[in-house]
Every structure is written in C-alpha cells, then in structure tokens.
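Asker: One structure coming up, written as structure tokens, with questions to follow.
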Amino acid sequence: MITTPGKALGDLAMKLALSIAPETSSAYAMANTGMIAVLLQALGQDSERAVANRLADIVEIKALFTAEGVPNTTARETFLHREPQSLRLSDVMTHHAEGLTLLIELHAWAEANNPKLDQSIWSFLLNHTERDKFDW
C-alpha cells in the first residue's frame, strides 16, 4: 500500500499522541512526545499544500509588483521574469522567499507613498495566512 506523505505523518502523530505519550514515565517526556505529535500533524498538512500555496503566493506577489504606480527596481524586474528552478519544494521555497523579501521592501515604500498598494499588500497577506493556516 502506498500512502500519501500527509496521511503518513498524521498517522505517526496519532501513534505518538495516543500510544507512546501515555506510556512515558515523566511529564517532560510526555510533553515532548505531544509536541512532536502536533508538529508532525502540522508538517503533514503543509506537505499536501506547500508547493501549491507558495506558487499561489508567487502569482499574487508578481501581480503586486506590476500594479499601477509601483516603482521599478532591477530586483523586482528580475523576479517577475523568473520561475522556480523546479517544482521541488526547496526550489519553490527559495523563489518564494525572494519574492517575500522584495515584497517587504515594496510594502515599506507603499506605506508612505501609495495607500492603495499598501491595502493590496495587506490583502495579499490575509490571503497568504488563510492559505497556510492549519486545520485543527
């Protein structure tokens, strides 16, 4: 049987939480086992959506970089014309992080110079957090 990574991580988390944690002999070990179980559940959820969510962010970031009144910079222009090297999570995350770094710079400028863009960036940040929230 081949399972999905998210399900496998969730199953491991449940095994830790329900079978291993109660058998530990100290509160410290029980707490650590519980924390590891929660982290495995979070990792399982993110594994299923990580690439899709980051690519959605990249599309929205690029739209913000081309909005009316946005000053052009070489770094933003370069980002607009590049894609992740592959669809491997590590490559997508590297490209995503570059876009977020450039977005922070643009947001600092927009707060002082372009209220409409500032609001658009806040809307993106809301979309970003909604996409990445965990289902508990």
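Ligands are numbered from 1 in the order shown, residues from 1 within each chain, and chains are lettered A, B, ... in the order they appear in the structure tokens.
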Dump as JSON lines the rows for residues of region 29-65 of chain A within 9 Å of region 95-104 of chain A: closest atom pair and distance in Å with one decimal, only C-alpha atoms counted, ordered by chain and rising residue number.
Answerer:
```
{"residue": "A:Arg54", "atom": "CA", "partner": "A:His96", "partner_atom": "CA", "distance": 6.3}
{"residue": "A:Leu55", "atom": "CA", "partner": "A:His96", "partner_atom": "CA", "distance": 7.6}
{"residue": "A:Asp57", "atom": "CA", "partner": "A:His96", "partner_atom": "CA", "distance": 7.5}
{"residue": "A:Ile58", "atom": "CA", "partner": "A:His96", "partner_atom": "CA", "distance": 6.1}
{"residue": "A:Ile61", "atom": "CA", "partner": "A:Gly99", "partner_atom": "CA", "distance": 6.7}
{"residue": "A:Lys62", "atom": "CA", "partner": "A:Gly99", "partner_atom": "CA", "distance": 8.1}
{"residue": "A:Leu64", "atom": "CA", "partner": "A:Leu103", "partner_atom": "CA", "distance": 8.4}
{"residue": "A:Phe65", "atom": "CA", "partner": "A:Leu103", "partner_atom": "CA", "distance": 8.0}
```
Asker: Using DSSP on the backbone coordinates, identify the residues of region 2-95 of chain A assigned to alpha helix (DSSP H); present them as a tab-separated table (two decimals) with C-alpha atoms, in the first residue's frame.
Answerer:
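Okay, this is what ended up in states37.tsv:
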```tsv
chain	number	residue	atom	x	y	z
A	5	PRO	CA	3.01	11.79	2.92
A	6	GLY	CA	0.45	13.93	4.72
A	7	LYS	CA	-1.55	10.90	5.83
A	8	ALA	CA	1.60	9.05	6.88
A	9	LEU	CA	2.75	11.98	9.01
A	10	GLY	CA	-0.71	12.30	10.53
A	11	ASP	CA	-0.75	8.60	11.35
A	12	LEU	CA	2.67	8.87	13.01
A	13	ALA	CA	1.45	11.86	15.02
A	14	MET	CA	-1.59	9.94	16.25
A	15	LYS	CA	0.54	6.92	17.20
A	27	ALA	CA	5.80	14.78	32.40
A	28	TYR	CA	8.76	16.13	30.41
A	29	ALA	CA	8.82	13.11	28.08
A	30	MET	CA	5.04	13.19	27.72
A	31	ALA	CA	5.07	16.90	26.85
A	32	ASN	CA	7.84	16.44	24.30
A	33	THR	CA	6.07	13.49	22.71
A	34	GLY	CA	2.88	15.54	22.49
A	35	MET	CA	4.74	18.47	20.95
A	36	ILE	CA	6.35	16.21	18.36
A	37	ALA	CA	2.93	14.76	17.53
A	38	VAL	CA	1.48	18.24	16.93
A	39	LEU	CA	4.45	19.23	14.79
A	40	LEU	CA	4.06	16.05	12.71
A	41	GLN	CA	0.39	16.87	12.16
A	42	ALA	CA	1.31	20.40	11.02
A	43	LEU	CA	4.02	19.05	8.72
A	44	GLY	CA	1.56	16.56	7.29
A	45	GLN	CA	-0.96	19.29	6.49
A	46	ASP	CA	1.67	21.52	4.93
A	47	SER	CA	3.17	18.71	2.85
A	48	GLU	CA	-0.09	18.37	0.96
A	49	ARG	CA	-0.37	22.04	0.04
A	50	ALA	CA	3.12	23.53	0.31
A	51	VAL	CA	4.01	23.87	-3.37
A	52	ALA	CA	0.52	24.96	-4.45
A	53	ASN	CA	0.29	27.61	-1.72
A	54	ARG	CA	3.71	29.04	-2.41
A	55	LEU	CA	3.04	29.15	-6.15
A	56	ALA	CA	-0.25	30.96	-5.47
A	57	ASP	CA	1.67	33.46	-3.34
A	58	ILE	CA	4.21	33.98	-6.11
A	59	VAL	CA	1.43	34.75	-8.62
A	60	GLU	CA	-0.09	37.32	-6.25
A	61	ILE	CA	3.30	38.86	-5.43
A	62	LYS	CA	4.05	39.28	-9.13
A	63	ALA	CA	0.69	40.99	-9.61
A	64	LEU	CA	1.55	43.41	-6.80
A	65	PHE	CA	4.91	44.16	-8.44
A	74	THR	CA	16.11	45.64	-11.04
A	75	ALA	CA	15.48	43.06	-8.33
A	76	ARG	CA	11.69	43.14	-8.78
A	77	GLU	CA	12.00	43.11	-12.56
A	78	THR	CA	14.30	40.09	-12.37
A	79	PHE	CA	11.87	38.30	-10.04
A	80	LEU	CA	8.97	38.98	-12.42
A	89	LEU	CA	9.62	22.26	-2.57
A	90	SER	CA	13.12	23.56	-1.81
A	91	ASP	CA	13.34	25.39	-5.16
A	92	VAL	CA	9.83	26.82	-4.84
A	93	MET	CA	10.58	27.96	-1.27
A	94	THR	CA	13.78	29.70	-2.37
A	95	HIS	CA	11.93	31.63	-5.08
```
Asker: What separation in Å, quoted to one decimal, exists between CA of Thr66 (chain A) and CA of Ile121 (chain A)?
Answerer: 12.3 Å
Asker: Quick one: pull the distance between CA of Asn113 (chain A) and CA of Pro71 (chain A), Å, one decimal.
Answerer: 10.4 Å
